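The next block is entry_39.cif, given as mmCIF, C-alpha atoms.
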```
data_run
loop_
_atom_site.group_PDB
_atom_site.id
_atom_site.type_symbol
_atom_site.label_atom_id
_atom_site.label_comp_id
_atom_site.auth_asym_id
_atom_site.auth_seq_id
_atom_site.Cartn_x
_atom_site.Cartn_y
_atom_site.Cartn_z
ATOM 1 C CA MET L 451 -6.640 15.877 15.735
ATOM 2 C CA LYS L 452 -9.744 16.404 13.615
ATOM 3 C CA LEU L 453 -9.695 14.239 10.516
ATOM 4 C CA THR L 454 -11.692 14.924 7.380
ATOM 5 C CA LYS L 455 -12.693 12.072 5.082
ATOM 6 C CA ILE L 456 -11.284 12.197 1.563
ATOM 7 C CA ASN L 457 -12.939 10.333 -1.298
ATOM 8 C CA THR L 458 -9.992 8.600 -2.975
ATOM 9 C CA SER L 459 -11.984 6.734 -5.622
ATOM 10 C CA ASN L 460 -10.679 8.867 -8.510
ATOM 11 C CA LEU L 461 -7.179 9.691 -7.374
ATOM 12 C CA ALA L 462 -4.090 9.391 -9.582
ATOM 13 C CA VAL L 463 -0.552 10.249 -8.505
ATOM 14 C CA LYS L 464 2.391 10.197 -10.888
ATOM 15 C CA SER L 465 6.038 9.613 -10.101
ATOM 16 C CA GLU L 466 9.013 9.518 -12.453
ATOM 17 C CA ARG L 467 8.034 6.189 -14.069
ATOM 18 C CA LEU L 468 4.747 5.210 -12.448
ATOM 19 C CA ARG L 469 1.090 6.135 -12.144
ATOM 20 C CA LEU L 470 -0.716 5.153 -8.945
ATOM 21 C CA SER L 471 -4.448 5.123 -9.719
ATOM 22 C CA SER L 472 -7.351 4.304 -7.443
ATOM 23 C CA SER L 473 -8.164 0.636 -7.988
ATOM 24 C CA THR L 474 -11.216 -0.251 -10.068
ATOM 25 C CA MET L 475 -12.911 -3.547 -10.916
ATOM 26 C CA LYS L 476 -11.198 -3.565 -14.310
ATOM 27 C CA ASP L 477 -7.873 -4.028 -12.468
ATOM 28 C CA ALA L 478 -9.075 -7.216 -10.762
ATOM 29 C CA ARG L 479 -8.297 -9.837 -13.418
ATOM 30 C CA GLU L 480 -4.717 -8.775 -14.202
ATOM 31 C CA SER L 481 -3.810 -8.211 -10.565
ATOM 32 C CA PHE L 482 -5.285 -11.592 -9.639
ATOM 33 C CA ALA L 483 -3.068 -13.312 -12.206
ATOM 34 C CA GLU L 484 0.038 -11.629 -10.737
ATOM 35 C CA PHE L 485 -0.710 -12.126 -7.007
ATOM 36 C CA THR L 486 1.189 -15.411 -6.741
ATOM 37 C CA GLU L 487 2.301 -17.405 -3.699
ATOM 38 C CA GLU L 488 5.814 -15.976 -4.180
ATOM 39 C CA VAL L 489 4.483 -12.399 -4.243
ATOM 40 C CA ALA L 490 2.399 -13.105 -1.107
ATOM 41 C CA LYS L 491 5.267 -14.822 0.722
ATOM 42 C CA TYR L 492 5.845 -12.034 3.267
ATOM 43 C CA MET L 493 2.334 -10.619 3.265
ATOM 44 C CA TYR L 494 -0.728 -11.033 5.422
ATOM 45 C CA PRO L 495 -3.147 -11.811 2.595
ATOM 46 C CA LYS L 496 -2.964 -15.052 0.744
ATOM 47 C CA PRO L 497 -3.872 -15.532 -2.883
ATOM 48 C CA TYR L 498 -7.646 -15.940 -3.121
ATOM 49 C CA GLY L 499 -9.785 -17.662 -5.678
ATOM 50 C CA PHE L 500 -11.020 -15.171 -8.275
ATOM 51 C CA ASP L 501 -14.447 -14.804 -6.604
ATOM 52 C CA GLY L 502 -12.767 -13.867 -3.318
ATOM 53 C CA TRP L 503 -10.418 -11.500 -5.153
ATOM 54 C CA GLN L 504 -13.361 -9.707 -6.793
ATOM 55 C CA LYS L 505 -15.123 -9.460 -3.410
ATOM 56 C CA TRP L 506 -11.964 -7.906 -1.910
ATOM 57 C CA PHE L 507 -11.832 -5.421 -4.812
ATOM 58 C CA ARG L 508 -15.464 -4.406 -4.335
ATOM 59 C CA GLU L 509 -14.832 -3.796 -0.621
ATOM 60 C CA ALA L 510 -11.660 -1.796 -1.376
ATOM 61 C CA ILE L 511 -13.527 0.417 -3.851
ATOM 62 C CA VAL L 512 -16.205 1.177 -1.227
ATOM 63 C CA LYS L 513 -13.501 2.007 1.348
ATOM 64 C CA ASN L 514 -11.870 4.376 -1.157
ATOM 65 C CA LYS L 515 -15.180 6.125 -1.769
ATOM 66 C CA ASN L 516 -15.904 6.354 1.979
ATOM 67 C CA GLY L 517 -12.528 7.932 2.726
ATOM 68 C CA GLN L 518 -11.200 5.007 4.746
ATOM 69 C CA GLN L 519 -8.210 4.268 2.521
ATOM 70 C CA TRP L 520 -6.540 4.853 -0.787
ATOM 71 C CA GLN L 521 -6.196 1.456 -2.472
ATOM 72 C CA PHE L 522 -4.311 1.954 -5.716
ATOM 73 C CA THR L 523 -3.096 0.026 -8.721
ATOM 74 C CA ILE L 524 0.420 0.719 -9.984
ATOM 75 C CA PHE L 525 1.018 1.142 -13.721
ATOM 76 C CA ASP L 526 3.982 2.077 -15.880
ATOM 77 C CA LYS L 527 3.291 5.724 -16.710
ATOM 78 C CA ILE L 528 4.299 5.373 -20.388
ATOM 79 C CA THR L 529 3.222 1.847 -21.398
ATOM 80 C CA ASN L 530 0.314 1.442 -18.931
ATOM 81 C CA GLU L 531 1.722 -1.983 -17.976
ATOM 82 C CA PHE L 532 0.385 -3.360 -14.682
ATOM 83 C CA ILE L 533 3.156 -3.313 -12.032
ATOM 84 C CA GLY L 534 1.391 -4.075 -8.740
ATOM 85 C CA MET L 535 -0.854 -2.711 -6.035
ATOM 86 C CA GLY L 536 -0.592 -0.711 -2.876
ATOM 87 C CA GLY L 537 -2.516 1.249 -0.361
ATOM 88 C CA VAL L 538 -2.588 3.822 2.360
ATOM 89 C CA HIS L 539 -5.096 2.199 4.706
ATOM 90 C CA HIS L 540 -6.978 3.699 7.668
ATOM 91 C CA ILE L 541 -6.571 7.264 6.366
ATOM 92 C CA ASP L 542 -9.549 8.217 8.516
ATOM 93 C CA GLY L 543 -7.474 7.663 11.670
ATOM 94 C CA PRO L 544 -4.291 9.027 13.254
ATOM 95 C CA THR L 545 -1.967 6.215 12.072
ATOM 96 C CA PRO L 546 -2.568 5.218 8.434
ATOM 97 C CA GLU L 547 -0.839 2.048 7.263
ATOM 98 C CA LEU L 548 1.165 1.582 4.060
ATOM 99 C CA GLY L 549 1.205 -1.619 2.064
ATOM 100 C CA ILE L 550 2.481 -2.607 -1.376
ATOM 101 C CA TRP L 551 3.247 -5.512 -3.673
ATOM 102 C CA THR L 552 4.648 -5.727 -7.177
ATOM 103 C CA LYS L 553 4.488 -8.559 -9.679
ATOM 104 C CA GLU L 554 7.485 -10.884 -9.853
ATOM 105 C CA SER L 555 8.586 -9.796 -13.334
ATOM 106 C CA SER L 556 8.947 -6.209 -12.104
ATOM 107 C CA TRP L 557 11.194 -7.046 -9.139
ATOM 108 C CA GLY L 558 14.634 -5.471 -9.077
ATOM 109 C CA HIS L 559 13.651 -2.265 -10.913
ATOM 110 C CA GLY L 560 12.916 -0.061 -7.883
ATOM 111 C CA TYR L 561 9.180 0.158 -8.611
ATOM 112 C CA GLY L 562 8.189 -0.698 -5.036
ATOM 113 C CA ARG L 563 10.402 2.030 -3.618
ATOM 114 C CA GLU L 564 9.149 4.556 -6.173
ATOM 115 C CA ALA L 565 5.486 3.713 -5.515
ATOM 116 C CA VAL L 566 5.842 3.882 -1.717
ATOM 117 C CA THR L 567 7.742 7.168 -1.997
ATOM 118 C CA ALA L 568 4.895 8.614 -4.107
ATOM 119 C CA ALA L 569 2.266 7.338 -1.630
ATOM 120 C CA VAL L 570 4.187 8.799 1.331
ATOM 121 C CA LYS L 571 4.495 12.135 -0.448
ATOM 122 C CA TRP L 572 0.756 12.117 -1.197
ATOM 123 C CA ALA L 573 -0.049 11.311 2.443
ATOM 124 C CA GLN L 574 2.251 14.056 3.733
ATOM 125 C CA GLN L 575 0.593 16.600 1.436
ATOM 126 C CA ASN L 576 -3.016 15.539 1.998
ATOM 127 C CA LEU L 577 -3.460 13.837 5.363
ATOM 128 C CA SER L 578 -3.119 14.813 8.980
ATOM 129 C CA PHE L 579 -1.554 11.925 10.904
ATOM 130 C CA ASP L 580 0.615 11.123 13.894
ATOM 131 C CA TYR L 581 2.686 8.741 11.783
ATOM 132 C CA LEU L 582 2.371 6.303 8.894
ATOM 133 C CA LYS L 583 2.774 2.652 9.888
ATOM 134 C CA TYR L 584 4.751 0.375 7.604
ATOM 135 C CA PRO L 585 4.654 -3.165 9.041
ATOM 136 C CA VAL L 586 6.995 -5.602 7.326
ATOM 137 C CA GLU L 587 7.846 -9.272 7.828
ATOM 138 C CA LYS L 588 11.243 -9.133 9.535
ATOM 139 C CA LEU L 589 12.899 -11.300 6.861
ATOM 140 C CA ASN L 590 11.665 -9.093 4.001
ATOM 141 C CA ILE L 591 14.843 -7.032 3.668
ATOM 142 C CA LYS L 592 13.813 -5.317 0.412
ATOM 143 C CA SER L 593 10.620 -3.925 1.980
ATOM 144 C CA ARG L 594 12.517 -2.898 5.092
ATOM 145 C CA LYS L 595 14.886 -0.876 2.891
ATOM 146 C CA ILE L 596 11.898 0.827 1.249
ATOM 147 C CA ALA L 597 10.670 1.956 4.676
ATOM 148 C CA GLU L 598 14.132 3.170 5.673
ATOM 149 C CA MET L 599 14.605 5.097 2.395
ATOM 150 C CA ASN L 600 11.372 6.935 3.162
ATOM 151 C CA GLY L 601 12.507 8.023 6.605
ATOM 152 C CA GLY L 602 10.931 5.093 8.420
ATOM 153 C CA ILE L 603 12.126 4.540 11.964
ATOM 154 C CA LEU L 604 11.982 1.012 13.401
ATOM 155 C CA GLU L 605 9.662 1.390 16.402
ATOM 156 C CA ASP L 606 8.156 -2.013 17.181
ATOM 157 C CA GLU L 607 8.487 -5.752 16.683
ATOM 158 C CA TYR L 608 5.736 -8.286 17.287
ATOM 159 C CA LEU L 609 4.474 -11.709 16.316
ATOM 160 C CA GLY L 610 1.574 -12.004 13.942
ATOM 161 C CA GLU L 611 -0.165 -14.551 11.812
ATOM 162 C CA ASP L 612 -0.758 -14.404 8.080
ATOM 163 C CA ALA L 613 -3.995 -15.369 6.364
ATOM 164 C CA ARG L 614 -2.662 -18.914 5.928
ATOM 165 C CA GLY L 615 -2.306 -19.243 9.726
ATOM 166 C CA GLU L 616 1.500 -19.185 9.590
ATOM 167 C CA LYS L 617 3.427 -17.239 12.220
ATOM 168 C CA MET L 618 5.122 -14.025 11.146
ATOM 169 C CA CYS L 619 7.629 -11.841 12.931
ATOM 170 C CA LEU L 620 6.746 -8.271 12.021
ATOM 171 C CA VAL L 621 8.774 -5.126 12.432
ATOM 172 C CA GLU L 622 6.918 -1.838 12.307
ATOM 173 C CA TYR L 623 8.478 1.239 10.815
ATOM 174 C CA ARG L 624 6.923 4.619 11.439
ATOM 175 C CA ILE L 625 7.186 7.529 9.046
ATOM 176 C CA TYR L 626 6.475 10.801 10.795
ATOM 177 C CA PRO L 627 4.994 13.870 9.090
ATOM 178 C CA LYS L 628 7.485 16.449 7.932
ATOM 179 C CA ASP L 629 5.338 19.186 9.446
ATOM 180 C CA LYS L 630 3.360 18.252 12.545
ATOM 181 C CA ASN L 631 1.114 21.325 11.971
ATOM 182 C CA MET L 632 0.093 20.116 8.501
ATOM 183 C CA LYS L 633 -3.643 20.321 7.806
ATOM 184 C CA ARG L 634 -5.544 17.735 5.816
ATOM 185 C CA VAL L 635 -6.641 18.985 2.418
ATOM 186 C CA ILE L 636 -10.403 18.742 2.011
ATOM 187 C CA LYS L 637 -11.418 17.334 -1.371
#
```
As structure tokens - that is how I would like this structure written.
Amino acid sequence: MKLTKINTSNLAVKSERLRLSSSTMKDARESFAEFTEEVAKYMYPKPYGFDGWQKWFREAIVKNKNGQQWQFTIFDKITNEFIGMGGVHHIDGPTPELGIWTKESSWGHGYGREAVTAAVKWAQQNLSFDYLKYPVEKLNIKSRKIAEMNGGILEDEYLGEDARGEKMCLVEYRIYPKDKNMKRVIK
């Protein structure tokens, strides 16, 4: 499979209620304030200090520009309210990985499902891949349902460690392309 790099630094995808826009430095402060210990509970990354958060943002922006990932910020399409963040990582390889988080006050509204569905649709229309990986902490039932609603098939289970050094039991869902002969769109 020949993969072509896509610059995702200016990408915006809209869904029914949301806009997924390539992350920029201006998103750093608000997202930092919302990335709490509770939000990070089932995730690999831990909340950083603001300097570390800004460093992570700068690295993500470079990876977007270099076609390694699409790191995006999630906004309400009408009000422009910050909802969370997500990404399709490793888009320059055969098995990109999905990830997402939403702020606590937005939980229970289906924003995570809607954002992942939009990211999956974008990937299926623009990337050539064997499958999308969606690793989830086994106890994170809401995220597992998001994977399943997007056609994810439970394919693997393994132990991992989060950024705090705590053990995690991960299950990996795989979302296969709708058309295996799909060609990557060159931007």
Answer key for the PyMOL selection byres ((chain L and resi 500-512) around 9), residues as a PyMOL selection string: chain L and resi 458-459+472-475+477-479+482+497-499+513-521
Apply the PyMOL selection byres ((chain L and resi 581) around 7) to the file shown and report the selected residues as a compact mmCIF listing (two decimals) with C-alpha atoms, keeping the file's coordinate frame.
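expr_18.txt, freshly written:
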```
# COMPACT_ATOMS: atom_id res chain seq x y z
CA THR L 545 -1.97 6.22 12.07
CA PHE L 579 -1.55 11.92 10.90
CA ASP L 580 0.62 11.12 13.89
CA LEU L 582 2.37 6.30 8.89
CA LYS L 583 2.77 2.65 9.89
CA ARG L 624 6.92 4.62 11.44
CA ILE L 625 7.19 7.53 9.05
CA TYR L 626 6.48 10.80 10.80
CA PRO L 627 4.99 13.87 9.09
```
Who sits within 6 Å of Phe525 in chain L, only C-alpha atoms, same chain under 4 positions skipped, as a PyMOL selection string: chain L and resi 468-469+530-533
Next, dump the selected residues to file, keeping only C-alpha atoms, as a compact mmCIF listing (two decimals), in the coordinates of the input.
```txt
# COMPACT_ATOMS: atom_id res chain seq x y z
CA LEU L 468 4.75 5.21 -12.45
CA ARG L 469 1.09 6.14 -12.14
CA ASN L 530 0.31 1.44 -18.93
CA GLU L 531 1.72 -1.98 -17.98
CA PHE L 532 0.38 -3.36 -14.68
CA ILE L 533 3.16 -3.31 -12.03
```
Gly537 in chain L environment, 9 Å, all atoms listed in the file, sequence neighbours closer than 5 positions dropped, as a PyMOL selection string: chain L and resi 519-523+547-550+566+569
Between CA of Lys455 in chain L and CA of Gly543 in chain L, distance in Å (one decimal): 9.5 Å
Selection result for the PyMOL selection byres ((chain L and resi 593) around 10) on this file, as a ChimeraX atom specification: /L:492,549-551,562-563,566,584-592,594-599
